[in-house]
Structures are given as structure tokens and as C-alpha cells.
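Coordinates as given in final.csv (CSV, C-alpha atoms and all ligand atoms):
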```csv
chain,number,residue,atom,x,y,z
A,1,MET,CA,-22.3,-19.6,12.3
A,2,LYS,CA,-19.4,-20.9,10.2
A,3,LEU,CA,-16.1,-19.1,10.9
A,4,LYS,CA,-15.1,-17.1,7.8
A,5,LYS,CA,-11.6,-17.9,6.5
A,6,ALA,CA,-9.3,-15.3,5.0
A,7,LEU,CA,-5.8,-15.6,3.4
A,8,VAL,CA,-3.5,-12.6,3.5
A,9,CYS,CA,-0.6,-12.7,1.1
A,10,GLY,CA,2.1,-10.3,2.2
A,11,ALA,CA,1.1,-10.7,5.9
A,12,GLY,CA,4.6,-10.0,7.0
A,13,GLY,CA,4.5,-6.6,5.4
A,14,PHE,CA,3.2,-3.3,6.7
A,15,ILE,CA,-0.4,-3.2,5.4
A,16,GLY,CA,-0.7,-7.0,5.4
A,17,SER,CA,0.2,-7.4,9.1
A,18,HIS,CA,-2.3,-4.6,10.1
A,19,LEU,CA,-4.9,-6.3,7.9
A,20,VAL,CA,-4.5,-9.6,9.7
A,21,LYS,CA,-5.1,-7.9,13.0
A,22,ARG,CA,-8.2,-6.2,11.7
A,23,LEU,CA,-9.6,-9.4,10.3
A,24,LYS,CA,-9.0,-11.2,13.6
A,25,LYS,CA,-10.9,-8.4,15.4
A,26,GLU,CA,-13.8,-9.0,13.0
A,27,GLY,CA,-13.8,-12.7,13.9
A,28,TYR,CA,-12.1,-14.3,10.9
A,29,TRP,CA,-9.8,-17.3,10.9
A,30,VAL,CA,-6.7,-16.0,9.2
A,31,ARG,CA,-3.8,-17.5,7.4
A,32,GLY,CA,-0.9,-15.3,6.5
A,33,VAL,CA,1.8,-16.0,3.9
A,34,ASP,CA,5.0,-14.1,3.3
A,35,LEU,CA,8.8,-14.4,2.9
A,36,LYS,CA,9.1,-13.2,6.4
A,37,TYR,CA,7.2,-12.6,9.7
A,38,PRO,CA,6.2,-9.0,10.5
A,39,GLU,CA,9.4,-7.1,11.5
A,40,TYR,CA,8.2,-5.0,14.4
A,41,ASP,CA,5.3,-7.1,16.0
A,42,GLU,CA,4.1,-10.7,16.4
A,43,THR,CA,1.7,-11.8,13.7
A,44,ALA,CA,-2.0,-12.1,14.8
A,45,ALA,CA,-2.6,-14.8,12.2
A,46,ASP,CA,-3.9,-18.2,13.3
A,47,ASP,CA,-1.6,-19.8,10.8
A,48,PHE,CA,1.5,-18.4,9.0
A,49,ILE,CA,3.3,-19.9,6.1
A,50,ILE,CA,6.8,-18.7,5.3
A,51,GLY,CA,7.2,-19.1,1.6
A,52,ASP,CA,8.0,-17.5,-1.7
A,53,LEU,CA,4.8,-16.8,-3.7
A,54,ARG,CA,6.7,-16.7,-7.0
A,55,CYS,CA,6.7,-20.4,-6.6
A,56,TYR,CA,3.5,-22.0,-7.8
A,57,SER,CA,3.7,-24.9,-5.2
A,58,VAL,CA,3.9,-22.4,-2.4
A,59,CYS,CA,0.7,-20.8,-3.7
A,60,GLN,CA,-0.9,-24.2,-3.8
A,61,ARG,CA,0.2,-24.9,-0.2
A,62,SER,CA,-1.2,-21.5,0.9
A,63,ILE,CA,-4.5,-21.9,-0.9
A,64,ASP,CA,-5.1,-25.5,0.0
A,65,GLN,CA,-8.9,-25.0,0.4
A,66,ALA,CA,-11.7,-22.6,-0.7
A,67,PHE,CA,-11.1,-19.4,1.3
A,68,ASP,CA,-14.0,-17.1,1.8
A,69,GLU,CA,-11.6,-14.1,1.0
A,70,VAL,CA,-8.1,-13.8,-0.3
A,71,TYR,CA,-6.2,-10.5,0.1
A,72,GLN,CA,-3.2,-10.2,-2.3
A,73,LEU,CA,-0.8,-7.6,-1.0
A,74,ALA,CA,2.5,-9.3,-1.6
A,75,ALA,CA,4.8,-7.3,-3.9
A,76,ASP,CA,8.4,-6.3,-4.4
A,77,MET,CA,8.2,-2.7,-3.4
A,78,GLY,CA,9.6,0.2,-1.4
A,79,GLY,CA,9.8,4.0,-1.4
A,80,ALA,CA,11.2,6.2,-4.1
A,81,GLY,CA,14.7,5.0,-3.4
A,82,PHE,CA,13.7,1.5,-4.4
A,83,VAL,CA,11.1,2.1,-7.1
A,84,PHE,CA,12.3,5.2,-9.0
A,85,THR,CA,16.0,4.7,-9.4
A,86,GLY,CA,15.5,2.1,-12.2
A,87,GLU,CA,17.9,-0.3,-10.6
A,88,ASN,CA,15.3,-2.7,-9.4
A,89,ASP,CA,12.9,-2.6,-12.5
A,90,ALA,CA,13.5,-6.2,-13.6
A,91,ASP,CA,13.0,-7.6,-10.1
A,92,ILE,CA,9.9,-5.5,-9.5
A,93,MET,CA,8.2,-6.6,-12.7
A,94,HIS,CA,9.2,-10.2,-12.6
A,95,ASN,CA,8.6,-10.9,-8.9
A,96,SER,CA,5.3,-9.1,-8.5
A,97,GLY,CA,4.0,-10.2,-11.9
A,98,LEU,CA,4.7,-13.9,-11.0
A,99,ILE,CA,3.1,-13.6,-7.6
A,100,ASN,CA,-0.1,-12.2,-9.1
A,101,MET,CA,-0.3,-14.7,-11.9
A,102,ASN,CA,0.3,-17.6,-9.4
A,103,ILE,CA,-2.0,-16.5,-6.6
A,104,LEU,CA,-4.9,-15.7,-8.9
A,105,ASP,CA,-4.7,-18.9,-10.9
A,106,VAL,CA,-4.5,-21.1,-7.7
A,107,ALA,CA,-7.3,-19.1,-6.1
A,108,TRP,CA,-9.5,-19.8,-9.1
A,109,LYS,CA,-8.6,-23.5,-9.2
A,110,ARG,CA,-9.3,-23.9,-5.4
A,111,LYS,CA,-12.6,-22.0,-5.8
A,112,SER,CA,-11.5,-19.1,-3.6
A,113,ARG,CA,-13.6,-16.7,-5.7
A,114,LYS,CA,-13.4,-13.4,-3.7
A,115,VAL,CA,-10.0,-11.8,-4.2
A,116,PHE,CA,-8.8,-8.3,-3.2
A,117,TYR,CA,-5.9,-6.9,-5.2
A,118,SER,CA,-3.8,-3.9,-4.0
A,119,SER,CA,-2.9,-1.8,-6.9
A,120,SER,CA,-1.2,1.6,-6.6
A,121,ALA,CA,-1.7,5.3,-7.6
A,122,CYS,CA,1.7,4.8,-9.3
A,123,MET,CA,-0.2,3.4,-12.3
A,124,TYR,CA,-1.7,6.8,-13.2
A,125,PRO,CA,-0.2,8.5,-16.3
A,126,GLU,CA,2.8,10.7,-15.7
A,127,HIS,CA,1.5,13.4,-18.0
A,128,ASN,CA,-1.4,14.1,-15.7
A,129,GLN,CA,0.9,14.6,-12.7
A,130,MET,CA,3.4,17.2,-14.0
A,131,GLU,CA,1.9,20.1,-12.0
A,132,PRO,CA,2.3,20.1,-8.2
A,133,ASP,CA,-1.0,22.0,-7.7
A,134,ASN,CA,-3.6,20.1,-9.8
A,135,PRO,CA,-2.7,16.5,-10.4
A,136,MET,CA,-5.3,14.3,-12.0
A,137,THR,CA,-6.1,10.8,-10.5
A,138,ALA,CA,-9.7,10.2,-11.4
A,139,GLU,CA,-10.0,6.4,-11.9
A,140,ASP,CA,-11.0,6.7,-15.5
A,141,SER,CA,-7.9,8.9,-16.3
A,142,ALA,CA,-5.7,5.7,-16.2
A,143,TYR,CA,-5.8,5.3,-20.0
A,144,PRO,CA,-4.1,6.0,-22.4
A,145,ALA,CA,-1.6,4.5,-19.9
A,146,ASN,CA,1.8,6.1,-19.1
A,147,PRO,CA,3.0,5.3,-15.6
A,148,ASP,CA,6.4,6.8,-14.7
A,149,SER,CA,7.8,3.6,-13.3
A,150,GLU,CA,7.9,-0.1,-14.1
A,151,TYR,CA,6.3,-0.6,-10.7
A,152,GLY,CA,3.3,1.3,-12.0
A,153,TRP,CA,3.3,-0.7,-15.3
A,154,GLU,CA,3.2,-4.0,-13.4
A,155,LYS,CA,0.3,-2.8,-11.2
A,156,LEU,CA,-1.6,-1.8,-14.4
A,157,PHE,CA,-0.9,-5.2,-16.0
A,158,SER,CA,-2.0,-7.0,-12.9
A,159,GLU,CA,-5.2,-5.0,-12.5
A,160,ARG,CA,-6.0,-6.2,-16.1
A,161,LEU,CA,-5.1,-9.7,-15.2
A,162,TYR,CA,-7.5,-9.7,-12.2
A,163,LEU,CA,-10.3,-8.1,-14.3
A,164,ALA,CA,-9.8,-10.7,-17.0
A,165,TYR,CA,-10.2,-13.5,-14.4
A,166,GLN,CA,-13.4,-11.8,-13.3
A,167,ARG,CA,-14.7,-11.7,-16.9
A,168,ASN,CA,-13.6,-15.1,-18.1
A,169,LYS,CA,-13.4,-17.3,-15.0
A,170,GLY,CA,-16.2,-16.2,-12.7
A,171,MET,CA,-13.9,-14.7,-10.1
A,172,ASN,CA,-15.3,-12.0,-7.7
A,173,ILE,CA,-12.5,-9.4,-7.7
A,174,ARG,CA,-12.0,-6.1,-5.8
A,175,ILE,CA,-9.2,-3.7,-6.8
A,176,ALA,CA,-8.0,-0.7,-4.9
A,177,ARG,CA,-5.4,1.8,-5.9
A,178,PHE,CA,-3.6,2.8,-2.7
A,179,HIS,CA,-2.1,6.3,-2.3
A,180,ASN,CA,0.9,6.4,0.1
A,181,ILE,CA,-0.2,4.5,3.1
A,182,PHE,CA,1.7,5.2,6.3
A,183,GLY,CA,1.6,4.6,10.1
A,184,PRO,CA,3.3,2.7,12.9
A,185,LEU,CA,4.9,-0.6,12.2
A,186,GLY,CA,5.9,0.5,8.7
A,187,THR,CA,9.4,0.3,7.3
A,188,TRP,CA,11.3,3.3,8.6
A,189,ASP,CA,14.9,2.7,7.6
A,190,GLY,CA,17.0,0.5,5.2
A,191,GLY,CA,16.1,2.2,1.9
A,192,LYS,CA,12.6,0.9,1.3
A,193,GLU,CA,10.9,3.5,3.7
A,194,LYS,CA,8.5,6.1,2.3
A,195,ALA,CA,8.6,9.9,2.9
A,196,PRO,CA,6.6,10.1,6.2
A,197,ALA,CA,8.7,7.4,7.9
A,198,ALA,CA,11.9,8.8,6.4
A,199,PHE,CA,11.3,12.3,7.8
A,200,CYS,CA,10.1,11.0,11.2
A,201,ARG,CA,13.4,9.1,11.4
A,202,LYS,CA,15.6,12.0,10.3
A,203,VAL,CA,13.9,14.4,12.7
A,204,ALA,CA,14.0,11.9,15.6
A,205,LEU,CA,17.7,11.4,15.1
A,206,ALA,CA,18.5,15.2,14.8
A,207,ASN,CA,19.2,17.8,17.4
A,208,ASP,CA,18.1,21.5,17.4
A,209,GLY,CA,20.0,23.4,14.7
A,210,ASP,CA,20.9,20.3,12.7
A,211,VAL,CA,20.3,20.0,8.9
A,212,ILE,CA,18.3,17.2,7.4
A,213,GLU,CA,18.5,16.2,3.8
A,214,MET,CA,15.6,16.0,1.3
A,215,TRP,CA,15.5,14.7,-2.3
A,216,GLY,CA,14.5,17.5,-4.7
A,217,ASP,CA,13.2,21.0,-4.0
A,218,GLY,CA,10.4,19.7,-1.7
A,219,LYS,CA,7.7,21.4,-3.8
A,220,GLN,CA,6.5,18.2,-5.2
A,221,THR,CA,3.1,17.3,-3.7
A,222,ARG,CA,1.5,14.1,-2.3
A,223,SER,CA,-1.3,12.9,-0.1
A,224,PHE,CA,-0.7,10.3,2.7
A,225,LEU,CA,-3.3,8.0,4.1
A,226,TYR,CA,-3.2,6.7,7.7
A,227,ILE,CA,-3.2,2.9,7.9
A,228,ASP,CA,-6.5,2.6,9.9
A,229,GLU,CA,-8.4,4.3,7.1
A,230,CYS,CA,-6.7,2.1,4.4
A,231,LEU,CA,-8.0,-1.0,6.3
A,232,GLU,CA,-11.5,0.6,6.6
A,233,GLY,CA,-11.5,1.2,2.8
A,234,ILE,CA,-10.3,-2.4,2.0
A,235,ARG,CA,-13.0,-3.9,4.2
A,236,ARG,CA,-15.8,-1.7,2.9
A,237,LEU,CA,-14.8,-2.5,-0.7
A,238,MET,CA,-14.8,-6.2,0.1
A,239,MET,CA,-18.2,-6.1,1.9
A,240,GLN,CA,-20.2,-4.4,-0.7
A,241,ASP,CA,-21.8,-6.4,-3.5
A,242,ASP,CA,-21.5,-5.1,-7.0
A,243,PHE,CA,-18.6,-2.7,-7.3
A,244,ILE,CA,-15.3,-4.2,-8.4
A,245,GLY,CA,-13.2,-1.1,-8.7
A,246,PRO,CA,-10.5,-0.1,-9.4
A,247,VAL,CA,-11.0,2.6,-6.9
A,248,ASN,CA,-8.6,5.0,-5.2
A,249,ILE,CA,-8.1,4.5,-1.5
A,250,GLY,CA,-6.2,7.6,-0.5
A,251,SER,CA,-6.5,11.0,1.3
A,252,GLU,CA,-7.4,14.2,-0.4
A,253,GLU,CA,-5.3,16.2,2.0
A,254,MET,CA,-2.5,17.2,-0.4
A,255,VAL,CA,0.8,18.6,1.1
A,256,SER,CA,4.2,19.5,-0.3
A,257,ILE,CA,7.1,17.4,0.8
A,258,ASN,CA,8.5,20.5,2.5
A,259,GLU,CA,5.3,20.8,4.5
A,260,LEU,CA,5.4,17.1,5.5
A,261,ALA,CA,9.0,17.5,6.8
A,262,ARG,CA,8.0,20.7,8.7
A,263,MET,CA,5.1,18.8,10.2
A,264,ALA,CA,7.5,16.1,11.6
A,265,MET,CA,9.7,18.9,13.0
A,266,GLU,CA,6.7,20.6,14.7
A,267,ILE,CA,5.5,17.4,16.2
A,268,ALA,CA,9.0,16.7,17.6
A,269,GLY,CA,9.4,20.3,18.8
A,270,LYS,CA,12.7,20.6,17.0
A,271,LYS,CA,14.1,23.5,15.0
A,272,LEU,CA,16.0,22.0,12.0
A,273,SER,CA,16.8,23.2,8.5
A,274,ILE,CA,16.4,21.4,5.2
A,275,HIS,CA,19.2,20.8,2.7
A,276,HIS,CA,17.8,19.9,-0.8
A,277,ILE,CA,19.9,17.3,-2.7
A,278,PRO,CA,19.3,15.5,-6.0
A,279,GLY,CA,17.5,12.1,-5.7
A,280,PRO,CA,14.8,10.0,-7.2
A,281,LEU,CA,11.5,11.8,-7.0
A,282,GLY,CA,8.6,10.3,-9.0
A,283,VAL,CA,5.9,12.6,-10.4
A,284,ARG,CA,5.6,16.3,-9.6
A,285,GLY,CA,2.2,16.2,-8.0
A,286,ARG,CA,-0.3,13.5,-6.8
A,287,ASN,CA,-3.4,13.6,-4.8
A,288,SER,CA,-6.2,11.1,-4.3
A,289,ASP,CA,-9.5,11.8,-6.2
A,290,ASN,CA,-12.2,10.5,-3.9
A,291,ARG,CA,-15.3,11.2,-6.0
A,292,LEU,CA,-15.7,7.5,-7.1
A,293,ILE,CA,-15.2,6.0,-3.6
A,294,LYS,CA,-17.7,8.5,-2.2
A,295,GLU,CA,-20.3,7.6,-4.8
A,296,LYS,CA,-19.8,3.8,-4.7
A,297,LEU,CA,-19.1,3.2,-1.0
A,298,ASN,CA,-20.8,6.2,0.5
A,299,TRP,CA,-17.6,6.8,2.5
A,300,GLU,CA,-14.2,8.4,2.1
A,301,PRO,CA,-11.1,8.6,4.3
A,302,ASN,CA,-11.0,11.8,6.4
A,303,TYR,CA,-8.3,11.1,9.0
A,304,PRO,CA,-6.2,14.2,9.5
A,305,LEU,CA,-2.6,13.8,8.3
A,306,HIS,CA,-1.2,15.6,11.4
A,307,LYS,CA,-2.9,13.1,13.7
A,308,GLY,CA,-1.5,10.1,11.7
A,309,MET,CA,2.0,11.8,11.7
A,310,GLU,CA,1.9,12.2,15.5
A,311,PHE,CA,1.3,8.5,16.0
A,312,THR,CA,3.9,7.6,13.4
A,313,TYR,CA,6.5,10.0,14.8
A,314,ARG,CA,6.1,8.7,18.4
A,315,TRP,CA,6.5,5.1,17.2
A,316,ILE,CA,9.6,5.8,15.1
A,317,GLU,CA,11.1,7.9,18.0
A,318,GLU,CA,10.8,4.8,20.1
A,319,GLN,CA,12.5,2.6,17.4
A,320,VAL,CA,15.3,5.1,17.0
A,321,LYS,CA,16.1,4.9,20.8
A,322,HIS,CA,16.7,1.1,20.4
A,323,MET,CA,19.0,1.5,17.4
B,1,LIG,P1,5.5,-4.2,2.3
B,1,LIG,O1,6.7,-4.3,1.5
B,1,LIG,O2,5.6,-3.9,3.7
B,1,LIG,O3,4.7,-5.6,2.1
B,1,LIG,C1,4.8,-6.5,1.0
B,1,LIG,C2,5.1,-7.9,1.6
B,1,LIG,O4,5.2,-8.7,0.4
B,1,LIG,C3,6.5,-7.9,2.3
B,1,LIG,O5,6.3,-8.4,3.6
B,1,LIG,C4,7.3,-8.9,1.4
B,1,LIG,O6,8.1,-9.8,2.2
B,1,LIG,C5,6.2,-9.7,0.8
B,1,LIG,N1,6.7,-10.4,-0.4
B,1,LIG,C6,7.4,-9.8,-1.4
B,1,LIG,N2,7.8,-10.7,-2.3
B,1,LIG,C7,7.2,-11.9,-1.9
B,1,LIG,C8,7.3,-13.2,-2.3
B,1,LIG,N3,7.9,-13.6,-3.5
B,1,LIG,N4,6.6,-14.2,-1.6
B,1,LIG,C9,6.0,-13.9,-0.5
B,1,LIG,N5,5.9,-12.7,0.0
B,1,LIG,C10,6.5,-11.7,-0.7
B,1,LIG,O7,4.5,-3.3,1.5
B,1,LIG,P2,3.1,-2.6,2.0
B,1,LIG,O8,3.3,-1.2,2.1
B,1,LIG,O9,2.5,-3.4,3.1
B,1,LIG,O10,2.2,-2.8,0.6
B,1,LIG,C11,1.3,-3.8,0.4
B,1,LIG,C12,0.7,-3.8,-1.0
B,1,LIG,O11,0.1,-2.5,-1.2
B,1,LIG,C13,1.8,-3.9,-2.1
B,1,LIG,O12,1.2,-4.7,-3.1
B,1,LIG,C14,2.0,-2.5,-2.5
B,1,LIG,O13,2.4,-2.5,-3.9
B,1,LIG,C15,0.6,-1.9,-2.4
B,1,LIG,N6,0.7,-0.5,-2.2
B,1,LIG,C16,1.2,0.1,-1.0
B,1,LIG,C17,1.3,1.4,-0.9
B,1,LIG,C18,1.9,2.0,0.4
B,1,LIG,O14,1.9,3.3,0.4
B,1,LIG,N7,2.3,1.3,1.4
B,1,LIG,C19,0.9,2.3,-1.9
B,1,LIG,C20,0.4,1.7,-3.1
B,1,LIG,C21,0.3,0.3,-3.2
```
Just give me the structure as C-alpha cells.
Ligand code: NAD
Amino acid sequence: MKLKKALVCGAGGFIGSHLVKRLKKEGYWVRGVDLKYPEYDETAADDFIIGDLRCYSVCQRSIDQAFDEVYQLAADMGGAGFVFTGENDADIMHNSGLINMNILDVAWKRKSRKVFYSSSACMYPEHNQMEPDNPMTAEDSAYPANPDSEYGWEKLFSERLYLAYQRNKGMNIRIARFHNIFGPLGTWDGGKEKAPAAFCRKVALANDGDVIEMWGDGKQTRSFLYIDECLEGIRRLMMQDDFIGPVNIGSEEMVSINELARMAMEIAGKKLSIHHIPGPLGVRGRNSDNRLIKEKLNWEPNYPLHKGMEFTYRWIEEQVKHM
């Protein structure tokens, strides 16, 4: 049987580097492309191009043949401290917009028809996420659009770009809206880390009786999806025949940020207190709505948050020791 070939854009990043491993396990030949190699592990890719995907010629070098599958995960992104301050808006829109326009166009020209695009729950309208207890993220609630960040607007634009190539140019697109993916080998310091990794780091560095800081009152809610389940969702979406998406890939286990921090403390066995400080927050409440994924893929993520947090805490605890 002919070996299937996949290209993973953003293969030096958190989800991309895990996805490369998963595809290798499934027997694919994999090329990765990114500005950098994975930070915390060797890449499992057969071939890895270091290059800037804002540059059309790098995209041409990366897609130099008809790949069976292209996974587009490269983006200028980070946690709330990067996305919600407003200071990086121009870069986020320009960089990620260019990457998506380039990759999709070259994929089409090189007859790499099947392309996965990683959108984000950040594209949902702010007005549906003002209440911590009952946020609305059904896929068809996306319009009229009103994301609370330029990051979300770029994702929405790019979703539409991919859908337009599907309609006009015969591409075979799949789109997922990820909801807060976390796990080992994810960014845990430096300002681009997300809440689960940030609290694991703060707790790992603290001693009993210490105080850790948290942006906001901690009553804002989110759900967090463990990396393995995200990969399962991506692969299931790619393997089925006739459903393009966009579809949520997220957990329905919603917690407050206070609960998330307390979970990290409990896993570590440390007694700490929380000092609430002003900071960039994002929407008041968000949870994944998994009705559509259940209906279309006959599957939904169900990995317990606590179990994922245990793995993540243990990994970050090790990283902190080597600081
Ligand atoms: P990440 O930052 O770890 O990975 C993104 C990778 O893209 C990085 O390695 C980065 O170097 C690379 N990249 C950025 N600009 C590039 C360029 N010009 N040329 C080449 N490579 C470039 O992020 P991640 O958490 O792995 O997220 C992957 C995708 O999933 C992103 O598109 C992100 O927007 C989306 N997403 C992630 C989450 C999450 O919770 N992690 C949630 C929603 C959506």
C-alpha cells in the first residue's frame, strides 16, 4: 500500500508537535514546517522545514508535491496575556492571515486537496458569553459575528477563506474550533502560556502558605480539553467523508478559573491562597457545545479535566526543577 503523506504546518508548536507523533503512529510519512523546532521534545517528523509561512516561497517549498493531507495549525497566538491586551493585534491579524492565504493557495495549486484548519472558540460572539453560567457556543451561533478579540476575527475570516476555496476551487476542507487545549509539552512560561499551564507553574514554584496571583475575580468560566482528545477529534474529522465543519473540538466540563487553580493546588498537595489582580480576561464564560460533534462524528471528548491536569502538573513540576 502507498504510504500516506501529511504536511503539518506549525509542527514546532504544542498541538502540531503532538499531531506529528500521532500521524507517525498511524503510519504516515510526515513533513513538519515551523519557524522553530518543538521546544521540549525532538520532532517525530520524517522531514522538517524551518521557514516562515508568511513567505509564499516557503509555502511552495513546503508543499512541493500533492500531499494526501495538510494540517494548518501555524498561527501567531498565545494565552490571554498575548491575545487580549490589544498590543499584538496587528501582528496577530497580519501574520496568521498571510499564513492561511499562502498555505491554502499553494495547497490548491499543488493539488493537495484535503486541508484541516484549526480555528478557535475565540471567534464566537462576545454577547453570547457575558454570563459565566450559561455561555452559548453552538456552531450556528457564530453569526451575527462579534468576537471579543482580533485573534477571533482573523479565525473567522480564515474559516470563510477555507470555505470559499471549498466552494470555488474544489478543495476538501475540514474546520475545527478548538476550545482551550492543554497538556504536557505546551508553553508554560514566557507570557504565551494558557491558564492550566500558568497555574501549574505558579503552584509548582510555591511553598505552603504562599500567595499566587490570578487575573480577575476567578469567577469567569472555561472548559479545557486534554491534548490526546484534541488529536482524536482532528483525526476523526479528517477521516469521515462528508462533514466539513466548522465543529467545536472541546470539553463540556466547565469550571471557574478559581476551581482550576484549586485543582492544581490539590494535585500538588499544597495549601496556597489566591490574590486577585487586574489583568486581561477575555469573555466571562465559555464552554464547548458538543451537540454537533456527537451528531456528525458519533463521538465527543470525555477525558476528565482532573486527569489531564495531573499529567500536565507532573510535567511542569519537572520543567520547573530544571529552571
Ligand atoms: P503554538 O503557538 O504552540 O503553535 C503554533 C506554531 O505556529 C508555533 O510553533 C509557531 O512557531 C508557528 N508559527 C507561527 N508563525 C509562523 C510562521 N510565520 N511561519 C511558520 N510557523 C509559524 O499553538 P498551539 O496551541 O499548538 O495551536 C495550534 C493552532 O490551534 C493555532 O492555529 C491556534 O490558533 C489553534 N488553537 C489553539 C488553541 C489552544 O488552546 N492551544 C485553542 C484554539 C485554537
request  = Around ligand LIG 1 (chain B), at most 8 Å away and counting all atoms listed in the file, which residues are there? Put them as a PyMOL selection string, please.
outcome  = chain A and resi 9-17+33-38+50-55+72-78+95-96+99+117-122+155+177-182+186-187+192+194+224-225
May I have the residues from that selection written out with C-alpha atoms, as a PDB file, keeping the file's coordinate frame?
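Output file again_24.pdb follows:
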```
ATOM      1  CA  CYS A   9      -0.600 -12.700   1.100  1.00  0.00           C
ATOM      2  CA  GLY A  10       2.100 -10.300   2.200  1.00  0.00           C
ATOM      3  CA  ALA A  11       1.100 -10.700   5.900  1.00  0.00           C
ATOM      4  CA  GLY A  12       4.600 -10.000   7.000  1.00  0.00           C
ATOM      5  CA  GLY A  13       4.500  -6.600   5.400  1.00  0.00           C
ATOM      6  CA  PHE A  14       3.200  -3.300   6.700  1.00  0.00           C
ATOM      7  CA  ILE A  15      -0.400  -3.200   5.400  1.00  0.00           C
ATOM      8  CA  GLY A  16      -0.700  -7.000   5.400  1.00  0.00           C
ATOM      9  CA  SER A  17       0.200  -7.400   9.100  1.00  0.00           C
ATOM     10  CA  VAL A  33       1.800 -16.000   3.900  1.00  0.00           C
ATOM     11  CA  ASP A  34       5.000 -14.100   3.300  1.00  0.00           C
ATOM     12  CA  LEU A  35       8.800 -14.400   2.900  1.00  0.00           C
ATOM     13  CA  LYS A  36       9.100 -13.200   6.400  1.00  0.00           C
ATOM     14  CA  TYR A  37       7.200 -12.600   9.700  1.00  0.00           C
ATOM     15  CA  PRO A  38       6.200  -9.000  10.500  1.00  0.00           C
ATOM     16  CA  ILE A  50       6.800 -18.700   5.300  1.00  0.00           C
ATOM     17  CA  GLY A  51       7.200 -19.100   1.600  1.00  0.00           C
ATOM     18  CA  ASP A  52       8.000 -17.500  -1.700  1.00  0.00           C
ATOM     19  CA  LEU A  53       4.800 -16.800  -3.700  1.00  0.00           C
ATOM     20  CA  ARG A  54       6.700 -16.700  -7.000  1.00  0.00           C
ATOM     21  CA  CYS A  55       6.700 -20.400  -6.600  1.00  0.00           C
ATOM     22  CA  GLN A  72      -3.200 -10.200  -2.300  1.00  0.00           C
ATOM     23  CA  LEU A  73      -0.800  -7.600  -1.000  1.00  0.00           C
ATOM     24  CA  ALA A  74       2.500  -9.300  -1.600  1.00  0.00           C
ATOM     25  CA  ALA A  75       4.800  -7.300  -3.900  1.00  0.00           C
ATOM     26  CA  ASP A  76       8.400  -6.300  -4.400  1.00  0.00           C
ATOM     27  CA  MET A  77       8.200  -2.700  -3.400  1.00  0.00           C
ATOM     28  CA  GLY A  78       9.600   0.200  -1.400  1.00  0.00           C
ATOM     29  CA  ASN A  95       8.600 -10.900  -8.900  1.00  0.00           C
ATOM     30  CA  SER A  96       5.300  -9.100  -8.500  1.00  0.00           C
ATOM     31  CA  ILE A  99       3.100 -13.600  -7.600  1.00  0.00           C
ATOM     32  CA  TYR A 117      -5.900  -6.900  -5.200  1.00  0.00           C
ATOM     33  CA  SER A 118      -3.800  -3.900  -4.000  1.00  0.00           C
ATOM     34  CA  SER A 119      -2.900  -1.800  -6.900  1.00  0.00           C
ATOM     35  CA  SER A 120      -1.200   1.600  -6.600  1.00  0.00           C
ATOM     36  CA  ALA A 121      -1.700   5.300  -7.600  1.00  0.00           C
ATOM     37  CA  CYS A 122       1.700   4.800  -9.300  1.00  0.00           C
ATOM     38  CA  LYS A 155       0.300  -2.800 -11.200  1.00  0.00           C
ATOM     39  CA  ARG A 177      -5.400   1.800  -5.900  1.00  0.00           C
ATOM     40  CA  PHE A 178      -3.600   2.800  -2.700  1.00  0.00           C
ATOM     41  CA  HIS A 179      -2.100   6.300  -2.300  1.00  0.00           C
ATOM     42  CA  ASN A 180       0.900   6.400   0.100  1.00  0.00           C
ATOM     43  CA  ILE A 181      -0.200   4.500   3.100  1.00  0.00           C
ATOM     44  CA  PHE A 182       1.700   5.200   6.300  1.00  0.00           C
ATOM     45  CA  GLY A 186       5.900   0.500   8.700  1.00  0.00           C
ATOM     46  CA  THR A 187       9.400   0.300   7.300  1.00  0.00           C
ATOM     47  CA  LYS A 192      12.600   0.900   1.300  1.00  0.00           C
ATOM     48  CA  LYS A 194       8.500   6.100   2.300  1.00  0.00           C
ATOM     49  CA  PHE A 224      -0.700  10.300   2.700  1.00  0.00           C
ATOM     50  CA  LEU A 225      -3.300   8.000   4.100  1.00  0.00           C
TER      51      LEU A 225
END
```
task = Quick one: everything within 7 Å of range 125-138 of chain A, counting all atoms listed in the file, minus sequence neighbours fewer than 4 positions away in the same chain. Send it as a count of residues only.
result = 14
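Once Leu305 in chain A and its same-chain neighbours fewer than 3 positions away are set aside, A:Ser223, A:Phe224, A:Leu225, A:Tyr226, A:Ser251, A:Glu253, A:Asn302, A:Gly308, A:Met309, A:Glu310 remain within 9 Å of it when counting all atoms listed in the file.
Comparing A:Val58, A:Cys230, A:Leu161, A:Met323 by their smallest distance to Gly250 in chain A, the closest is A:Cys230 (using only C-alpha atoms).
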ask   = Between A:Ser158, A:Ser57, A:Asn248, A:Ser141, which has the minimum distance to His94 in chain A (counting only C-alpha atoms)?
value = A:Ser158
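Between CA of Gln240 in chain A and CA of Glu69 in chain A the separation is 13.1 Å.
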key: Residues near Lys321 in chain A, cut-off 12 Å, all atoms listed in the file, skip fewer than 5 positions along chain, as a ChimeraX atom specification   = /A:201,204-205,314-316
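In this structure, CA of Pro196 in chain A sits 7.8 Å away from CA of Ala261 in chain A.
Taking all atoms listed in the file into account, Arg235 in chain A lies nearest to A:Tyr71 out of the set A:Tyr71, A:Phe157, A:Phe199, A:Tyr162.
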inquiry  = Show me the residues close to (-18.3, -5.9, 11.0) - anything with an atom within 10 Å, counting only C-alpha atoms - and format the list as a ChimeraX atom specification.
reply    = /A:23,25-27,235-236,239
inquiry  = Let me make sure I understand: among A:Tyr303, A:Phe116, A:Tyr313, A:Trp29, which one has the smallest atom-to-atom distance to Leu185 in chain A if we use all atoms listed in the file?
reply    = A:Tyr313
message = I need the residue nearest Trp188 in chain A from this list: A:Phe84, A:Trp215, A:Tyr124, A:Tyr40. Use only C-alpha atoms for the distance.
response = A:Tyr40
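Using all atoms listed in the file, the shortest contact distance between Ser273 in chain A and any of A:Gln319, A:Asn207, A:Asn102, A:Ser256 is found at A:Asn207.
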query = Quick one: residues within 8 Å of Asp68 in chain A, all atoms listed in the file counted, chain neighbours fewer than 4 positions away excluded, as a PyMOL selection string?
reply = chain A and resi 4-6+112-114
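Taking CA of Asp210 in chain A and CA of Leu272 in chain A as endpoints, the distance between them is 5.2 Å.
Omitting range 217-219 of chain A and its sequence neighbours fewer than 5 positions away, and counting all atoms listed in the file, the residues within 7 Å are Ser256, Ile257, Asn258 and His276 of chain A.
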Writer output for current selection, C-alpha atoms, as a PDB file, keeping the file's coordinate frame:
```
ATOM      1  CA  SER A 256       4.200  19.500  -0.300  1.00  0.00           C
ATOM      2  CA  ILE A 257       7.100  17.400   0.800  1.00  0.00           C
ATOM      3  CA  ASN A 258       8.500  20.500   2.500  1.00  0.00           C
ATOM      4  CA  HIS A 276      17.800  19.900  -0.800  1.00  0.00           C
TER       5      HIS A 276
END
```
